[in-house]
Amino acid sequence: MPKIESFVHNGISVHAKAAPAPMGPLGGVVLGLVGTAPDADPAIPRSKPYRISNPAQAAKLDMTGMELGTLPRVVSEILKMVAVPIYVVIEEEDTALAPAAKDYSAKVVSASVMNGQLQVVVSDSTLTEAVLGAAAASWQVEIGSGNTKVATMVSFVPGMTNVLTLSSAGTLTLADLTAGATLTIHGKDLTAAGTIVNIVGRIDPATGRHTGIQALLGDIPETLTDIAAPGFSHKAVADALAVVGRRLYCRVALEGPSSTDAAAIALSESLAVVDTGYDQAVIVDPFVKVWSQAVAGYVYMSGVAHYLSCVARVEPWESPGKGRAGVQIEGTQRTIDYNIIDKASTGNLLNRYGICYFARTAMGGYSLIGNRTVSGRFLNVVGLELAIIRKLIATSEGDMAHNLTAEFMEQKVDTMNSWLEAQAAAGAMIGARCRLHPTLNNSENYLNGEWHLVIEYGAYRPNEHMVYHLREDVGIVNAFLDEVL
């Protein structure tokens, strides 16, 4: 007889279809930092992300213990407070180009003559690094600006007290150095232009290799949530960070000028926030004072490190200042006028421009003050939005293999709703739901292989402004008197 073409099998078949894989949590904080570390272990690659997650690994950024460069101290300060993955990109310092001229300012606290030189204790100094020996020979100091009272700088040493030593051979005398007088220090940018070029980075047209901030776009097995180049307040660095932050869907911490309140506000005002990446960025200002083992004294360093230590202690959708997160610092480059009830304070003004800072609070010590990006959006709301986007990017690749059947689309919506419900239950958001878009899912788009899902969610806002209403109630007084009488 001929073969029965319709016969398949005399028995059973089992077709098992697994449920869609769970999408998992939104994910924790992973930092990406770019900077210098001239004494780093030679085995650590340069211009390439290198993962550090504990103090022992961080120690390899400084094999001599001299704390040179920007990265060793920054990474160390973060890991003092929290264990979190940090990807560092080490770039070489380049001093081939002469540094640009730059003026600094300081206020006289006291002055005296010692060993034939003028020793001036200063405060609010916008010069935060030591300048010694031959490096100081070309620096000049004058009272105010445009004054004929001038002296050559011998050295500047920051610490528990900031000591500026001047030559007594100039026209500036001890009598001129009265308490409260403002000094203008004519010097040079302490960061060479060539170093800035290296930090900004590039894509080598011949090899396609990324360097500097661009290297954060390279092959990193974890998803970055916050990036920064601590210690570099140059606009070119800020622009590069904003662009990369926009591409990686992560927040950006920018270094403020650490000079004056007006300069910090001017930096914020100079940033275009619409579709530039700056709406994901916050400015941290000014520098903070910390203990240095290398100099056995206090030094100034980037406040971005301590901001990021606050970021790493909370979830991406929580405010970095959660509970007014305290930090281990001795002081700041300048004192920010802050009062929890004073709406006219300088701190309140800085927050209005998306600038975070550290100030003393009733909790004791210094705490992070600030909830918003330079565009005015809440940092935690931006953090939640970017975390959702990063999760969609990470989990959508497998979906691209499916045909757009009714079963697939319905199952995808159900999976999304289940995941969103779990995130809301975990406290990441108020609530959320996913649905098919009612108008964009039309025949024209479907025939082009396109469909649209709408994710609606509600984000928690930080407790930025508590308003107490005190009302004296005469009725309470009358009730008391009735009881007494």
# chains A, B, ... in the order shown; residues from 1 in each chain; ligands from 1

call {"tool": "select_by_dssp", "arguments": {"residues": "segment 33-234 of chain A", "states": "alpha helix (DSSP H)", "output": "mmCIF file with C-alpha atoms, in the first residue's frame"}}
result
data_model
loop_
_atom_site.group_PDB
_atom_site.id
_atom_site.type_symbol
_atom_site.label_atom_id
_atom_site.label_comp_id
_atom_site.auth_asym_id
_atom_site.auth_seq_id
_atom_site.Cartn_x
_atom_site.Cartn_y
_atom_site.Cartn_z
ATOM 1 C CA PRO A 55 39.992 49.289 49.293
ATOM 2 C CA ALA A 56 42.682 46.765 48.357
ATOM 3 C CA GLN A 57 41.995 47.308 44.661
ATOM 4 C CA ALA A 58 41.754 51.056 45.214
ATOM 5 C CA ALA A 59 45.235 51.061 46.789
ATOM 6 C CA LEU A 71 41.453 59.278 41.193
ATOM 7 C CA PRO A 72 43.235 57.752 44.219
ATOM 8 C CA ARG A 73 41.727 60.060 46.825
ATOM 9 C CA VAL A 74 38.289 60.116 45.148
ATOM 10 C CA VAL A 75 37.945 56.325 44.974
ATOM 11 C CA SER A 76 39.277 55.929 48.501
ATOM 12 C CA GLU A 77 36.762 58.404 49.934
ATOM 13 C CA ILE A 78 33.836 56.683 48.189
ATOM 14 C CA LEU A 79 34.848 53.209 49.361
ATOM 15 C CA LYS A 80 35.223 54.451 52.938
ATOM 16 C CA MET A 81 31.466 54.863 53.049
ATOM 17 C CA ALA A 193 45.485 72.031 28.790
ATOM 18 C CA GLY A 194 46.931 68.764 27.512
ATOM 19 C CA THR A 195 45.541 66.928 30.520
ATOM 20 C CA ILE A 196 42.078 68.325 29.815
ATOM 21 C CA VAL A 197 42.356 67.030 26.243
ATOM 22 C CA ASN A 198 43.150 63.579 27.595
ATOM 23 C CA ILE A 199 40.281 63.646 30.096
ATOM 24 C CA VAL A 200 37.738 64.698 27.463
#

call {"tool": "closest_atom_pairs", "arguments": {"of": "segment 346-440 of chain A", "to": "segment 255-258 of chain A", "cutoff": "12 Å", "atoms": "only C-alpha atoms", "output": "tab-separated table"}}
result
residue	atom	partner	partner_atom	distance
A:Leu350	CA	A:Gly256	CA	11.2
A:Tyr353	CA	A:Gly256	CA	11.9
A:Gly354	CA	A:Gly256	CA	11.0
A:Ile355	CA	A:Gly256	CA	8.3
A:Cys356	CA	A:Gly256	CA	9.4
A:Tyr357	CA	A:Gly256	CA	9.8
A:Val374	CA	A:Gly256	CA	12.0

call {"tool": "write_last_selection", "arguments": {"atoms": "N, CA, C and O atoms", "output": "PDB file, in the first residue's frame"}}
result
ATOM      1  N   LEU A 350      21.642  78.423  45.661  1.00  0.00           N
ATOM      2  CA  LEU A 350      22.415  77.442  44.895  1.00  0.00           C
ATOM      3  C   LEU A 350      21.537  76.255  44.490  1.00  0.00           C
ATOM      4  O   LEU A 350      21.605  75.790  43.347  1.00  0.00           O
ATOM      5  N   TYR A 353      19.528  76.557  41.392  1.00  0.00           N
ATOM      6  CA  TYR A 353      20.237  76.395  40.118  1.00  0.00           C
ATOM      7  C   TYR A 353      20.799  74.982  39.925  1.00  0.00           C
ATOM      8  O   TYR A 353      21.670  74.768  39.095  1.00  0.00           O
ATOM      9  N   GLY A 354      20.278  74.011  40.679  1.00  0.00           N
ATOM     10  CA  GLY A 354      20.722  72.631  40.501  1.00  0.00           C
ATOM     11  C   GLY A 354      22.119  72.378  41.023  1.00  0.00           C
ATOM     12  O   GLY A 354      22.834  71.518  40.499  1.00  0.00           O
ATOM     13  N   ILE A 355      22.501  73.105  42.074  1.00  0.00           N
ATOM     14  CA  ILE A 355      23.834  72.964  42.666  1.00  0.00           C
ATOM     15  C   ILE A 355      23.694  72.322  44.046  1.00  0.00           C
ATOM     16  O   ILE A 355      22.983  72.839  44.914  1.00  0.00           O
ATOM     17  N   CYS A 356      24.357  71.189  44.238  1.00  0.00           N
ATOM     18  CA  CYS A 356      24.402  70.531  45.537  1.00  0.00           C
ATOM     19  C   CYS A 356      25.649  70.993  46.286  1.00  0.00           C
ATOM     20  O   CYS A 356      26.675  71.287  45.670  1.00  0.00           O
ATOM     21  N   TYR A 357      25.568  71.009  47.592  1.00  0.00           N
ATOM     22  CA  TYR A 357      26.713  71.420  48.401  1.00  0.00           C
ATOM     23  C   TYR A 357      26.634  70.709  49.746  1.00  0.00           C
ATOM     24  O   TYR A 357      25.649  70.016  50.057  1.00  0.00           O
ATOM     25  N   VAL A 374      20.335  70.401  37.109  1.00  0.00           N
ATOM     26  CA  VAL A 374      20.391  71.790  36.662  1.00  0.00           C
ATOM     27  C   VAL A 374      19.152  72.189  35.861  1.00  0.00           C
ATOM     28  O   VAL A 374      18.908  73.373  35.639  1.00  0.00           O
TER      29      VAL A 374
END

call {"tool": "closest_atom_pairs", "arguments": {"of": "segment 147-235 of chain A", "to": "segment 286-300 of chain A", "cutoff": "10 Å", "atoms": "only C-alpha atoms", "output": "CSV"}}
result
residue,atom,partner,partner_atom,distance
A:Val157,CA,A:Val299,CA,8.9
A:Pro158,CA,A:Val299,CA,6.0
A:Gly159,CA,A:Tyr298,CA,4.4
A:Met160,CA,A:Tyr298,CA,5.6
A:Thr161,CA,A:Tyr298,CA,8.6
A:Asn162,CA,A:Val299,CA,9.5
A:Gly231,CA,A:Phe287,CA,8.6

call {"tool": "write_last_selection", "arguments": {"atoms": "N, CA, C and O atoms", "output": "PDB file, in the first residue's frame"}}
result
ATOM      1  N   VAL A 157      50.176  76.819  51.036  1.00  0.00           N
ATOM      2  CA  VAL A 157      49.981  75.481  51.596  1.00  0.00           C
ATOM      3  C   VAL A 157      48.599  75.424  52.238  1.00  0.00           C
ATOM      4  O   VAL A 157      48.368  76.058  53.275  1.00  0.00           O
ATOM      5  N   PRO A 158      47.669  74.682  51.637  1.00  0.00           N
ATOM      6  CA  PRO A 158      46.350  74.529  52.261  1.00  0.00           C
ATOM      7  C   PRO A 158      46.415  73.502  53.379  1.00  0.00           C
ATOM      8  O   PRO A 158      47.293  72.638  53.408  1.00  0.00           O
ATOM      9  N   GLY A 159      45.500  73.582  54.310  1.00  0.00           N
ATOM     10  CA  GLY A 159      45.473  72.630  55.409  1.00  0.00           C
ATOM     11  C   GLY A 159      44.409  73.023  56.405  1.00  0.00           C
ATOM     12  O   GLY A 159      43.391  73.612  56.050  1.00  0.00           O
ATOM     13  N   MET A 160      44.616  72.666  57.674  1.00  0.00           N
ATOM     14  CA  MET A 160      43.676  73.104  58.697  1.00  0.00           C
ATOM     15  C   MET A 160      43.570  74.624  58.671  1.00  0.00           C
ATOM     16  O   MET A 160      42.508  75.209  58.845  1.00  0.00           O
ATOM     17  N   THR A 161      44.718  75.294  58.441  1.00  0.00           N
ATOM     18  CA  THR A 161      44.741  76.715  58.114  1.00  0.00           C
ATOM     19  C   THR A 161      45.460  76.870  56.788  1.00  0.00           C
ATOM     20  O   THR A 161      46.405  76.127  56.503  1.00  0.00           O
ATOM     21  N   ASN A 162      45.025  77.804  55.974  1.00  0.00           N
ATOM     22  CA  ASN A 162      45.638  78.021  54.667  1.00  0.00           C
ATOM     23  C   ASN A 162      46.700  79.114  54.798  1.00  0.00           C
ATOM     24  O   ASN A 162      46.378  80.253  55.127  1.00  0.00           O
ATOM     25  N   GLY A 231      37.308  66.683  40.042  1.00  0.00           N
ATOM     26  CA  GLY A 231      38.488  67.536  40.040  1.00  0.00           C
ATOM     27  C   GLY A 231      38.649  68.378  38.798  1.00  0.00           C
ATOM     28  O   GLY A 231      39.522  69.242  38.746  1.00  0.00           O
TER      29      GLY A 231
END

call {"tool": "closest_atom_pairs", "arguments": {"of": "segment 200-251 of chain A", "to": "segment 380-393 of chain A", "cutoff": "12 Å", "atoms": "only C-alpha atoms", "output": "tab-separated table"}}
result
residue	atom	partner	partner_atom	distance
A:Glu222	CA	A:Arg390	CA	11.0
A:Thr223	CA	A:Arg390	CA	7.7
A:Leu224	CA	A:Arg390	CA	9.3
A:Thr225	CA	A:Ala387	CA	7.8
A:Asp226	CA	A:Gly383	CA	9.2
A:Gly245	CA	A:Leu386	CA	10.3
A:Arg246	CA	A:Leu386	CA	9.7
A:Arg247	CA	A:Arg390	CA	10.8
A:Leu248	CA	A:Arg390	CA	8.2
A:Tyr249	CA	A:Leu386	CA	5.5
A:Cys250	CA	A:Leu386	CA	6.2
A:Arg251	CA	A:Gly383	CA	7.0

call {"tool": "write_last_selection", "arguments": {"atoms": "all heavy atoms", "output": "short mmCIF file (atom, residue, chain, number, x, y, z; two decimals), in the first residue's frame"}}
result
data_model
loop_
_atom_site.label_atom_id
_atom_site.label_comp_id
_atom_site.auth_asym_id
_atom_site.auth_seq_id
_atom_site.Cartn_x
_atom_site.Cartn_y
_atom_site.Cartn_z
N GLU A 222 28.88 45.84 33.34
CA GLU A 222 27.80 46.33 34.19
C GLU A 222 27.30 47.66 33.65
O GLU A 222 27.99 48.34 32.90
CB GLU A 222 28.30 46.49 35.63
CG GLU A 222 28.72 45.18 36.27
CD GLU A 222 29.39 45.37 37.62
OE1 GLU A 222 30.61 45.59 37.64
OE2 GLU A 222 28.67 45.30 38.64
N THR A 223 26.09 48.00 34.04
CA THR A 223 25.47 49.22 33.53
C THR A 223 25.76 50.39 34.46
O THR A 223 25.42 50.36 35.65
CB THR A 223 23.94 49.04 33.41
OG1 THR A 223 23.67 47.91 32.56
CG2 THR A 223 23.31 50.27 32.80
N LEU A 224 26.41 51.41 33.93
CA LEU A 224 26.74 52.58 34.73
C LEU A 224 25.48 53.38 35.05
O LEU A 224 24.61 53.57 34.21
CB LEU A 224 27.73 53.47 33.97
CG LEU A 224 29.09 52.85 33.63
CD1 LEU A 224 29.94 53.84 32.84
CD2 LEU A 224 29.83 52.41 34.89
N THR A 225 25.41 53.87 36.28
CA THR A 225 24.26 54.68 36.71
C THR A 225 24.63 56.14 36.94
O THR A 225 23.78 57.02 36.81
CB THR A 225 23.65 54.12 38.00
OG1 THR A 225 24.63 54.16 39.05
CG2 THR A 225 23.20 52.68 37.81
N ASP A 226 25.90 56.40 37.30
CA ASP A 226 26.35 57.77 37.57
C ASP A 226 27.80 57.90 37.11
O ASP A 226 28.62 57.02 37.41
CB ASP A 226 26.27 58.09 39.07
CG ASP A 226 24.85 58.06 39.59
OD1 ASP A 226 24.38 56.96 39.95
OD2 ASP A 226 24.21 59.13 39.63
N GLY A 245 26.65 60.80 29.23
CA GLY A 245 25.55 60.47 30.13
C GLY A 245 24.24 60.30 29.39
O GLY A 245 23.44 59.42 29.71
N ARG A 246 24.02 61.12 28.38
CA ARG A 246 22.80 61.01 27.57
C ARG A 246 22.77 59.70 26.80
O ARG A 246 21.72 59.05 26.68
CB ARG A 246 22.73 62.20 26.61
CG ARG A 246 21.45 62.33 25.81
CD ARG A 246 21.40 63.69 25.13
NE ARG A 246 20.15 63.88 24.43
CZ ARG A 246 20.01 63.74 23.11
NH1 ARG A 246 21.06 63.41 22.37
NH2 ARG A 246 18.85 63.95 22.53
N ARG A 247 23.93 59.27 26.29
CA ARG A 247 23.98 58.02 25.52
C ARG A 247 23.86 56.80 26.42
O ARG A 247 23.32 55.77 26.00
CB ARG A 247 25.29 57.96 24.72
CG ARG A 247 25.35 58.96 23.58
CD ARG A 247 26.57 58.74 22.72
NE ARG A 247 26.59 57.41 22.12
CZ ARG A 247 27.57 56.92 21.37
NH1 ARG A 247 28.63 57.69 21.14
NH2 ARG A 247 27.51 55.72 20.86
N LEU A 248 24.38 56.89 27.64
CA LEU A 248 24.35 55.74 28.55
C LEU A 248 23.11 55.73 29.43
O LEU A 248 22.90 54.79 30.19
CB LEU A 248 25.59 55.76 29.44
CG LEU A 248 26.94 55.50 28.77
CD1 LEU A 248 28.06 55.63 29.79
CD2 LEU A 248 26.96 54.11 28.13
N TYR A 249 22.29 56.77 29.36
CA TYR A 249 21.11 56.90 30.22
C TYR A 249 21.50 56.81 31.69
O TYR A 249 20.97 56.01 32.46
CB TYR A 249 20.06 55.84 29.87
CG TYR A 249 19.50 56.00 28.48
CD1 TYR A 249 19.97 55.24 27.41
CD2 TYR A 249 18.52 56.96 28.20
CE1 TYR A 249 19.49 55.40 26.12
CE2 TYR A 249 18.02 57.13 26.92
CZ TYR A 249 18.51 56.35 25.89
OH TYR A 249 18.02 56.52 24.62
N CYS A 250 22.46 57.65 32.07
CA CYS A 250 22.89 57.70 33.46
C CYS A 250 23.00 59.15 33.92
O CYS A 250 23.06 60.07 33.10
CB CYS A 250 24.22 56.97 33.65
SG CYS A 250 25.60 57.70 32.76
N ARG A 251 23.00 59.34 35.23
CA ARG A 251 23.14 60.68 35.77
C ARG A 251 24.59 61.13 35.72
O ARG A 251 25.51 60.30 35.67
CB ARG A 251 22.62 60.73 37.21
CG ARG A 251 21.12 60.57 37.31
CD ARG A 251 20.63 60.65 38.74
NE ARG A 251 21.21 59.61 39.59
CZ ARG A 251 20.74 59.26 40.78
NH1 ARG A 251 19.68 59.89 41.27
NH2 ARG A 251 21.32 58.32 41.48
#

call {"tool": "residues_around", "arguments": {"residues": "segment 146-148 of chain A", "least_positions_apart": "3", "cutoff": "8 Å", "atoms": "only C-alpha atoms", "output": "compact mmCIF listing (two decimals) with all heavy atoms, in the first residue's frame"}}
result
# COMPACT_ATOMS: atom_id res chain seq x y z
N GLU A 142 48.22 90.61 45.04
CA GLU A 142 47.94 92.02 45.29
C GLU A 142 46.71 92.17 46.16
O GLU A 142 45.88 91.26 46.27
CB GLU A 142 47.74 92.77 43.97
CG GLU A 142 46.50 92.34 43.19
CD GLU A 142 46.24 93.22 41.97
OE1 GLU A 142 46.46 94.43 42.07
OE2 GLU A 142 45.79 92.68 40.95
N ILE A 143 46.60 93.33 46.78
CA ILE A 143 45.41 93.67 47.56
C ILE A 143 44.32 94.10 46.59
O ILE A 143 44.55 94.96 45.73
CB ILE A 143 45.70 94.82 48.54
CG1 ILE A 143 46.61 94.34 49.66
CG2 ILE A 143 44.40 95.37 49.13
CD1 ILE A 143 45.93 93.47 50.69
N THR A 171 55.99 95.65 47.10
CA THR A 171 55.37 96.88 47.62
C THR A 171 54.24 96.57 48.60
O THR A 171 53.71 97.49 49.23
CB THR A 171 54.81 97.71 46.45
OG1 THR A 171 53.92 96.90 45.66
CG2 THR A 171 55.93 98.21 45.56

call {"tool": "residues_around", "arguments": {"residues": "Val252 of chain A", "least_positions_apart": "5", "cutoff": "8 Å", "atoms": "only C-alpha atoms", "output": "list in words"}}
result
Asp226, Ile227, Ala228, Leu241, Ala242, Gly245, Tyr278, Gln280, Ala281 and Val282 of chain A

call {"tool": "residues_around", "arguments": {"residues": "segment 419-436 of chain A", "least_positions_apart": "2", "cutoff": "7 Å", "atoms": "only C-alpha atoms", "output": "VMD selection string"}}
result
chain A and resid 23 317 413 415 to 417 438 452 to 460

call {"tool": "write_last_selection", "arguments": {"atoms": "all heavy atoms", "output": "tab-separated table (two decimals), in the first residue's frame"}}
result
chain	number	residue	atom	x	y	z
A	23	MET	N	12.11	39.94	34.49
A	23	MET	CA	12.97	41.06	34.12
A	23	MET	C	13.95	41.44	35.23
A	23	MET	O	14.96	42.07	34.97
A	23	MET	CB	12.12	42.27	33.74
A	23	MET	CG	11.28	42.04	32.50
A	23	MET	SD	10.21	43.44	32.09
A	23	MET	CE	11.42	44.70	31.68
A	317	TRP	N	16.53	55.44	42.56
A	317	TRP	CA	15.28	56.20	42.57
A	317	TRP	C	15.05	56.90	43.91
A	317	TRP	O	13.99	57.46	44.16
A	317	TRP	CB	14.10	55.28	42.27
A	317	TRP	CG	14.05	54.06	43.14
A	317	TRP	CD1	13.45	53.92	44.36
A	317	TRP	CD2	14.66	52.81	42.85
A	317	TRP	NE1	13.65	52.67	44.85
A	317	TRP	CE2	14.38	51.95	43.94
A	317	TRP	CE3	15.41	52.31	41.78
A	317	TRP	CZ2	14.84	50.64	43.98
A	317	TRP	CZ3	15.85	51.00	41.82
A	317	TRP	CH2	15.57	50.17	42.90
A	413	VAL	N	2.81	42.56	27.32
A	413	VAL	CA	2.13	43.53	28.17
A	413	VAL	C	1.93	42.95	29.57
A	413	VAL	O	2.15	43.64	30.59
A	413	VAL	CB	0.78	43.95	27.56
A	413	VAL	CG1	-0.03	44.79	28.55
A	413	VAL	CG2	1.00	44.74	26.28
A	415	THR	N	3.76	40.63	31.01
A	415	THR	CA	5.07	40.57	31.66
A	415	THR	C	5.47	41.93	32.20
A	415	THR	O	5.97	42.05	33.33
A	415	THR	CB	6.13	40.08	30.66
A	415	THR	OG1	5.80	38.76	30.21
A	415	THR	CG2	7.51	40.04	31.30
A	416	MET	N	5.26	42.96	31.40
A	416	MET	CA	5.60	44.31	31.84
A	416	MET	C	4.79	44.71	33.06
A	416	MET	O	5.32	45.29	34.02
A	416	MET	CB	5.37	45.30	30.70
A	416	MET	CG	6.38	45.22	29.56
A	416	MET	SD	8.05	45.67	30.09
A	416	MET	CE	7.77	47.30	30.74
A	417	ASN	N	3.50	44.41	33.05
A	417	ASN	CA	2.65	44.79	34.18
A	417	ASN	C	3.05	44.05	35.45
A	417	ASN	O	3.04	44.61	36.55
A	417	ASN	CB	1.18	44.54	33.85
A	417	ASN	CG	0.57	45.67	33.05
A	417	ASN	OD1	0.83	46.85	33.33
A	417	ASN	ND2	-0.24	45.34	32.05
A	438	PRO	N	-3.33	53.29	22.01
A	438	PRO	CA	-4.62	53.16	21.31
A	438	PRO	C	-4.63	53.67	19.88
A	438	PRO	O	-5.46	53.23	19.08
A	438	PRO	CB	-5.57	54.00	22.18
A	438	PRO	CG	-4.67	55.00	22.87
A	438	PRO	CD	-3.38	54.27	23.10
A	452	HIS	N	3.61	49.75	19.59
A	452	HIS	CA	3.86	50.74	20.62
A	452	HIS	C	3.25	50.32	21.96
A	452	HIS	O	2.07	49.95	22.03
A	452	HIS	CB	3.26	52.09	20.21
A	452	HIS	CG	3.92	52.69	19.00
A	452	HIS	ND1	4.83	53.72	19.07
A	452	HIS	CD2	3.81	52.37	17.67
A	452	HIS	CE1	5.25	54.02	17.85
A	452	HIS	NE2	4.65	53.22	16.99
A	453	LEU	N	4.10	50.37	23.01
A	453	LEU	CA	3.64	50.12	24.37
A	453	LEU	C	3.76	51.41	25.17
A	453	LEU	O	4.72	52.15	25.02
A	453	LEU	CB	4.49	49.03	25.05
A	453	LEU	CG	4.46	47.63	24.44
A	453	LEU	CD1	5.58	47.50	23.41
A	453	LEU	CD2	4.62	46.57	25.51
A	454	VAL	N	2.79	51.65	26.01
A	454	VAL	CA	2.79	52.82	26.88
A	454	VAL	C	3.04	52.36	28.30
A	454	VAL	O	2.34	51.48	28.81
A	454	VAL	CB	1.45	53.58	26.81
A	454	VAL	CG1	1.47	54.78	27.74
A	454	VAL	CG2	1.14	54.00	25.39
A	455	ILE	N	4.07	52.93	28.94
A	455	ILE	CA	4.34	52.63	30.35
A	455	ILE	C	4.01	53.88	31.14
A	455	ILE	O	4.66	54.93	31.00
A	455	ILE	CB	5.82	52.23	30.55
A	455	ILE	CG1	6.15	50.98	29.75
A	455	ILE	CG2	6.11	52.01	32.04
A	455	ILE	CD1	7.62	50.61	29.78
A	456	GLU	N	3.02	53.78	31.97
A	456	GLU	CA	2.60	54.90	32.80
A	456	GLU	C	3.02	54.61	34.24
A	456	GLU	O	2.78	53.52	34.76
A	456	GLU	CB	1.09	55.09	32.72
A	456	GLU	CG	0.60	55.40	31.30
A	456	GLU	CD	-0.91	55.32	31.16
A	456	GLU	OE1	-1.51	54.47	31.87
A	456	GLU	OE2	-1.48	56.08	30.37
A	457	TYR	N	3.68	55.58	34.89
A	457	TYR	CA	4.15	55.35	36.25
A	457	TYR	C	4.10	56.64	37.05
A	457	TYR	O	4.07	57.74	36.51
A	457	TYR	CB	5.58	54.79	36.25
A	457	TYR	CG	6.64	55.76	35.78
A	457	TYR	CD1	7.36	56.53	36.68
A	457	TYR	CD2	6.90	55.92	34.41
A	457	TYR	CE1	8.33	57.42	36.25
A	457	TYR	CE2	7.86	56.81	33.96
A	457	TYR	CZ	8.57	57.56	34.89
A	457	TYR	OH	9.52	58.46	34.47
A	458	GLY	N	4.07	56.48	38.33
A	458	GLY	CA	4.11	57.62	39.23
A	458	GLY	C	5.33	57.51	40.12
A	458	GLY	O	5.56	56.47	40.75
A	459	ALA	N	6.16	58.57	40.14
A	459	ALA	CA	7.39	58.56	40.92
A	459	ALA	C	7.21	59.33	42.22
A	459	ALA	O	6.53	60.36	42.26
A	459	ALA	CB	8.52	59.19	40.11
A	460	TYR	N	7.82	58.82	43.28
A	460	TYR	CA	7.81	59.54	44.55
A	460	TYR	C	8.67	60.80	44.45
A	460	TYR	O	9.69	60.81	43.76
A	460	TYR	CB	8.35	58.66	45.67
A	460	TYR	CG	7.45	57.51	46.06
A	460	TYR	CD1	7.79	56.21	45.74
A	460	TYR	CD2	6.26	57.74	46.75
A	460	TYR	CE1	6.96	55.15	46.10
A	460	TYR	CE2	5.43	56.69	47.11
A	460	TYR	CZ	5.79	55.39	46.78
A	460	TYR	OH	4.97	54.35	47.13

call {"tool": "closest_residue", "arguments": {"among": "A:Thr64, A:Glu450, A:Thr191, A:Ala272", "to": "Val243 of chain A", "atoms": "only C-alpha atoms"}}
result
A:Ala272
